[in-house]
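Notes to accompany the following structure.
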Amino acid sequence: MNTRTLLYSTGLIAMFVLGHVSARIGVPVAHAQAGGEKAAYLIASTSPAPNEPECAAAYSEASGPLAKNAGMHLLGAGEGNTIQVLEGTFPYKSRLVVEKFRSMKALLDFWKSPAYQEAKKNRNEANFIIAVEAVE
């Protein structure tokens, strides 16, 4: 395994460990939340460029508690053969992540918070990141 592959793998693991832990904590619901709020989903395709392990660790340490407070649960993550394009073209050779937040407001408050804006300086740019509200 070359150094670049090792750094990339280490960075990905560090960035998503918290998501996996968070997915096992909390209430696994995909429908309307208490108070009539609908869940919201963040879908991201991360950059294939490796992240420095120190930066990945700093990102996870800073962003993890913020995401947890916003109700984030990791629903799915994969790369390579674990992503199946059923129709059309998916031009990215990278990791794909689907996270659930308790509401769109919670997701956007997390995303726009000064603390997350500072934390995300420690991650690579993504191919894309989108948010969508649940239908129920």
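Chain labels run A, B, ... following the order of the structure tokens; each chain numbers its residues from 1, and ligands are numbered from 1 in the order shown.
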Would you list the contacts of region 41-48 of chain A as a list in words, taking every protein, DNA or RNA residue within 7 Å and counting only C-alpha atoms, but skipping same-chain residues closer than 3 positions in sequence?
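The residues satisfying every condition are Lys93, Ser94, Arg95, Leu96, Val97, Val98, Glu99, Lys100, Phe101, Asn124, Glu125, Ala126, Asn127, Phe128, Ile129, Ile130, Ala131, Val132 and Glu133 of chain A.
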Determine which residues of region 95-130 of chain A receive a DSSP assignment of strand (DSSP E), computed from the backbone, and state them as a ChimeraX atom specification.
/A:96-101,126-130
Counting only C-alpha atoms, which residue out of A:Ile83, A:Ala40, A:Ala70, A:Ala62 sits closest to Asp109 (chain A)?
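Among the listed residues, A:Ala70 lies closest to Asp109 (chain A).
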One number please: CA of Gly64 (chain A) to CA of Val135 (chain A), in Å, one decimal.
26.3 Å
With only C-alpha atoms as the atoms that count, which of A:Ala119, A:Thr82, A:Tyr92, A:Ser103 lies nearest to Ala49 (chain A)?
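Looking only at the distances to Ala49 (chain A), the closest residue turns out to be A:Tyr92.
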Among listed residues A:Cys55, A:Thr89, A:Asn81, A:Glu61, nearest Lys121 (chain A) (using only C-alpha atoms):
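For Lys121 (chain A), the nearest of the given residues is A:Cys55.
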Determine the nearest neighbour of Asn69 (chain A) from the options A:Ala56, A:Leu107, A:Val85, A:Ala39, counting only C-alpha atoms.
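Of A:Ala56, A:Leu107, A:Val85, A:Ala39, the one nearest Asn69 (chain A), counting only C-alpha atoms, is A:Leu107.
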Which residue gives the smallest distance to Ala115 (chain A) among A:Phe90, A:Ser63, A:Ala134, A:Gly80, with only C-alpha atoms counted?
A:Ser63
Rounded to one decimal place, report the CA of Lys120 (chain A)-CA of Ala67 (chain A) distance in Å.
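Going from CA of Lys120 (chain A) over to CA of Ala67 (chain A) covers 12.0 Å.
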